[in-house]
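One structure is given below, encoded as structure tokens.
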Amino acid sequence: MRTKLPDRRYSSTVRVPWSRYDGKGINIYVTIGFDTEGKAKEVFCADFKAGSANQAIVMDTCILISRLLQHGDLPSELKASMCEPPSLIGTIAEAIRREEVLMRVDSHMYADIKEIYDLANSWKWSPTV
């Protein structure tokens, strides 16, 4: 069953290098949206000329990947099932996998910092004279 996302959610935009079939390297910008648990649930990429075949392919790819993520597929599973060297689609899947890992690290660091802050605020300081 597809997970409904909250109307407002955290997202991260990352620059992702990709080598085209002709060996030319380009940078694409991928925006990944996360649920409240820090799991990737949607992806957008808008780096191709409006109206071009590439734009339509990438937009459809992002929609399909987003739906897979919302139905419970993991970014690591998606990436593992794709070709090597990665196509543009595989490159987007790898970017999602990396960002989700970083998001988990960030959320744990935030939780640790919040715990320390809450603990510090709970102490009763009394000056000694």
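Every chain in the structure tokens takes a letter, A first, then B, and so on in the order presented; its residues are numbered from 1, and the ligands are numbered from 1 following the presented order.
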
>> Can you tell me which residues surround segment 1-17 of chain A at a distance of at most 7 Å, considering only C-alpha atoms, apart from same-chain residues fewer than 2 positions away, and format the answer as a ChimeraX atom specification?
In response: /A:19,25-35,70-71,95

> Nearest to Ile57 of chain A: which of A:Leu69, A:Ile89, A:Leu74, A:Ala80 is it, counting only C-alpha atoms?
Replying inline: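 For Ile57 of chain A, the nearest of the candidates is A:Ile89.
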
>> Set the distance at 10 Å and use only C-alpha atoms: which residues neighbour Ser76 of chain A once local chain neighbours fewer than 3 positions away are removed? I'd like the list as a list in words.
In response: Asp73, Lys79, Ala80, Ser81, Ala93, Glu94, Ile96, Arg97, Arg98, Glu100 and Val101 of chain A

Residues from last step as file, all heavy atoms, as an mmCIF file, in the first residue's frame:
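Final output, part19.cif:
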```cif
data_model
loop_
_atom_site.group_PDB
_atom_site.id
_atom_site.type_symbol
_atom_site.label_atom_id
_atom_site.label_comp_id
_atom_site.auth_asym_id
_atom_site.auth_seq_id
_atom_site.Cartn_x
_atom_site.Cartn_y
_atom_site.Cartn_z
ATOM 1 N N ASP A 73 9.822 -0.217 -1.304
ATOM 2 C CA ASP A 73 11.116 -0.641 -1.838
ATOM 3 C C ASP A 73 12.218 0.214 -1.212
ATOM 4 O O ASP A 73 12.019 1.400 -0.958
ATOM 5 C CB ASP A 73 11.153 -0.493 -3.359
ATOM 6 C CG ASP A 73 10.354 -1.566 -4.063
ATOM 7 O OD1 ASP A 73 9.140 -1.372 -4.262
ATOM 8 O OD2 ASP A 73 10.948 -2.592 -4.401
ATOM 9 N N LYS A 79 19.007 0.179 -6.344
ATOM 10 C CA LYS A 79 20.335 0.347 -6.929
ATOM 11 C C LYS A 79 20.965 -1.001 -7.260
ATOM 12 O O LYS A 79 21.561 -1.171 -8.325
ATOM 13 C CB LYS A 79 21.228 1.136 -5.959
ATOM 14 C CG LYS A 79 22.670 1.225 -6.366
ATOM 15 C CD LYS A 79 22.830 1.949 -7.691
ATOM 16 C CE LYS A 79 24.290 2.096 -8.044
ATOM 17 N NZ LYS A 79 24.667 1.470 -9.278
ATOM 18 N N ALA A 80 20.819 -1.981 -6.379
ATOM 19 C CA ALA A 80 21.428 -3.303 -6.586
ATOM 20 C C ALA A 80 20.836 -4.026 -7.794
ATOM 21 O O ALA A 80 21.509 -4.865 -8.402
ATOM 22 C CB ALA A 80 21.256 -4.152 -5.332
ATOM 23 N N SER A 81 19.613 -3.693 -8.168
ATOM 24 C CA SER A 81 18.960 -4.384 -9.274
ATOM 25 C C SER A 81 19.253 -3.748 -10.636
ATOM 26 O O SER A 81 18.797 -4.239 -11.658
ATOM 27 C CB SER A 81 17.445 -4.428 -9.045
ATOM 28 O OG SER A 81 16.904 -3.126 -9.100
ATOM 29 N N ALA A 93 19.206 6.497 -8.526
ATOM 30 C CA ALA A 93 18.949 5.541 -7.440
ATOM 31 C C ALA A 93 20.094 5.545 -6.430
ATOM 32 O O ALA A 93 19.868 5.488 -5.218
ATOM 33 C CB ALA A 93 18.731 4.140 -8.014
ATOM 34 N N GLU A 94 21.331 5.615 -6.914
ATOM 35 C CA GLU A 94 22.495 5.663 -6.009
ATOM 36 C C GLU A 94 22.496 6.951 -5.191
ATOM 37 O O GLU A 94 22.820 6.936 -4.002
ATOM 38 C CB GLU A 94 23.793 5.533 -6.802
ATOM 39 C CG GLU A 94 25.046 5.702 -5.988
ATOM 40 C CD GLU A 94 25.227 4.691 -4.862
ATOM 41 O OE1 GLU A 94 24.554 3.641 -4.854
ATOM 42 O OE2 GLU A 94 26.059 4.944 -3.967
ATOM 43 N N ILE A 96 19.899 8.602 -4.202
ATOM 44 C CA ILE A 96 18.862 8.431 -3.178
ATOM 45 C C ILE A 96 19.403 7.573 -2.040
ATOM 46 O O ILE A 96 19.233 7.884 -0.862
ATOM 47 C CB ILE A 96 17.594 7.796 -3.777
ATOM 48 C CG1 ILE A 96 16.983 8.726 -4.816
ATOM 49 C CG2 ILE A 96 16.582 7.466 -2.687
ATOM 50 C CD1 ILE A 96 15.944 8.046 -5.694
ATOM 51 N N ARG A 97 20.083 6.476 -2.388
ATOM 52 C CA ARG A 97 20.637 5.574 -1.371
ATOM 53 C C ARG A 97 21.629 6.325 -0.475
ATOM 54 O O ARG A 97 21.554 6.254 0.745
ATOM 55 C CB ARG A 97 21.328 4.379 -2.035
ATOM 56 C CG ARG A 97 21.785 3.310 -1.034
ATOM 57 C CD ARG A 97 22.782 2.356 -1.638
ATOM 58 N NE ARG A 97 24.037 3.007 -1.981
ATOM 59 C CZ ARG A 97 24.979 3.362 -1.098
ATOM 60 N NH1 ARG A 97 24.800 3.144 0.174
ATOM 61 N NH2 ARG A 97 26.089 3.949 -1.506
ATOM 62 N N ARG A 98 22.533 7.089 -1.082
ATOM 63 C CA ARG A 98 23.533 7.830 -0.306
ATOM 64 C C ARG A 98 22.878 8.870 0.603
ATOM 65 O O ARG A 98 23.241 9.011 1.767
ATOM 66 C CB ARG A 98 24.521 8.519 -1.241
ATOM 67 C CG ARG A 98 25.607 7.625 -1.755
ATOM 68 C CD ARG A 98 26.760 8.401 -2.370
ATOM 69 N NE ARG A 98 26.360 9.556 -3.131
ATOM 70 C CZ ARG A 98 26.257 9.602 -4.461
ATOM 71 N NH1 ARG A 98 26.557 8.559 -5.185
ATOM 72 N NH2 ARG A 98 25.871 10.700 -5.058
ATOM 73 N N GLU A 100 19.854 8.908 1.807
ATOM 74 C CA GLU A 100 19.095 8.291 2.898
ATOM 75 C C GLU A 100 20.042 7.870 4.023
ATOM 76 O O GLU A 100 19.738 8.042 5.195
ATOM 77 C CB GLU A 100 18.285 7.093 2.409
ATOM 78 C CG GLU A 100 17.346 6.582 3.490
ATOM 79 C CD GLU A 100 16.427 5.496 3.003
ATOM 80 O OE1 GLU A 100 16.830 4.322 3.064
ATOM 81 O OE2 GLU A 100 15.310 5.831 2.573
ATOM 82 N N VAL A 101 21.205 7.343 3.673
ATOM 83 C CA VAL A 101 22.197 6.977 4.688
ATOM 84 C C VAL A 101 22.632 8.227 5.450
ATOM 85 O O VAL A 101 22.681 8.232 6.686
ATOM 86 C CB VAL A 101 23.420 6.266 4.047
ATOM 87 C CG1 VAL A 101 24.571 6.149 5.027
ATOM 88 C CG2 VAL A 101 23.017 4.898 3.522
#
```

>> With only C-alpha atoms as the counted atoms, please give the residues lying no more than 10 Å from Glu37 of chain A, apart from itself and same-chain residues fewer than 3 positions off, as a ChimeraX atom specification.
In response: /A:34,40,103-104,107

>> From a backbone DSSP assignment, name each residue in segment 26-109 of chain A labelled helix (DSSP H, G or I), as a PyMOL selection string.
In response: chain A and resi 53-70+75-80+88-109

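Atom CA of Arg67 of chain A lies 26.9 Å from atom CA of Tyr21 of chain A.
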
> DSSP says strand (DSSP E or B) for which residues of segment 15-123 of chain A? Put them as number ranges by chain?
Replying inline: A: 15-19, 25-34, 40-45

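When atom CA of Leu102 of chain A is paired with atom CA of Pro75 of chain A, their separation reads 12.8 Å.
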